[in-house]
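Below: one structure, written as structure tokens.
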Amino acid sequence: GGGGGGGGGMEAAMTRVKVSSVRDAGVMAQLGQEVTLDDSSRHDLELLANYYAIVRTMERLEKAYIGGGISDDKIYEQECQKLIPRFATLREGLPEDMQDPRTSIPTFMSKYHQQANFAANRFSIGVPATVSVGGGEDSSTPKALHVAEAVQAYITVMDSLRLNMCATDQIHPLTTDIVNALNKIAVLPPDFEPRVKVKKWLQTLSAMRATDELDEDQTRQFLFDLEASHQEFVQWLHNL
């Protein structure tokens, strides 16, 4: 009839899709019915499908590592370091109540009768377990090389902050380099204060979005803490 023209125009602006395009069977079981979505809704659905897939992948990776299914730490680190920035980028498009992975991941996954506590922990920390707790020193690499790497990593981050490179995606990987280098020095005490300071900043950066920037006060405090941490590290070396 005459009223159908308006409805037809609306239908033309909509896209009929099967939500079974969400690849994981756990989501398909919940959303397997056919629905009608506009472009915005389809984008949101794709975002959540990607979120689900990344979380599930990280959960499997963490369980495999904990269970000894991954014998090479480097393989674990490489896979983990692929997922962490992907998750950080994905989080840019998520609503405010999904920004904290410690709470949002368990809540979201419970809707699909899934648990992902290991993934929630890893994404909230923002670095692989081998960086977070230390993987020990590689006996084939001279200790002096690890010390040099740590010193260079400190200098790189401090120089970057002085040049006003304050975006999370600029500073996070450089800060990770410091923690990685310190973790390779097996003779460092587990509660070594310089490492604790840097790891706290790394966790702060991990909780921020990729495009977020440290403000002036944060930058000054981070630089102050880095300089103090670097000096403590150098003093510790002299006392060996």
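Residue numbers start at 1 in each chain; chains themselves are named A, B, ... in the order of the structure tokens; ligands are numbered from 1 in the order shown.
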### Task
Quick one: everything within 8 Å of A:Pro106, counting only C-alpha atoms, minus sequence neighbours fewer than 2 positions away in the same chain. Send it as a list in words.
Arg102, Thr103, Ser104, Phe108, Met109, Ser110, Gln115, Ala116, Asn117 and Ala120 of chain A
### Task
Would you kindly return, as a ChimeraX atom specification, each protein, DNA or RNA residue with an atom no farther than 12 Å from any atom of stretch 75-83 of chain A, considering only C-alpha atoms and excluding same-chain residues fewer than 5 positions away?
/A:50-51,53-66,68-70,88-90,119,122-123,125-132,134-135,172-173,176,180
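Using only C-alpha atoms, the nearest neighbour of A:Leu202 within the list A:Glu92, A:Glu227, A:Asp177, A:Asp215 is A:Asp177.
Of the listed residues (A:Leu174, A:Ala207, A:Val234, A:Met98), A:Leu174 comes nearest to A:Val157; the distances count only C-alpha atoms.
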### Task
Just the alpha helix (DSSP H) stuff from stretch 30-198 of chain A, please, per backbone DSSP, written as a ChimeraX atom specification.
/A:30-31,39-66,73-91,101-110,117-125,129-132,143-162,168-183,193-198
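Closest approach to A:His230 among A:Ala210, A:Lys184, A:Gln152, A:Ile171 is made by A:Gln152 (distances from only C-alpha atoms).
A straight line drawn from atom CA of A:Met165 to atom CA of A:Glu213 is 8.6 Å long.
You will find atom CA of A:Pro101 at 15.9 Å from atom CA of A:Ala49.
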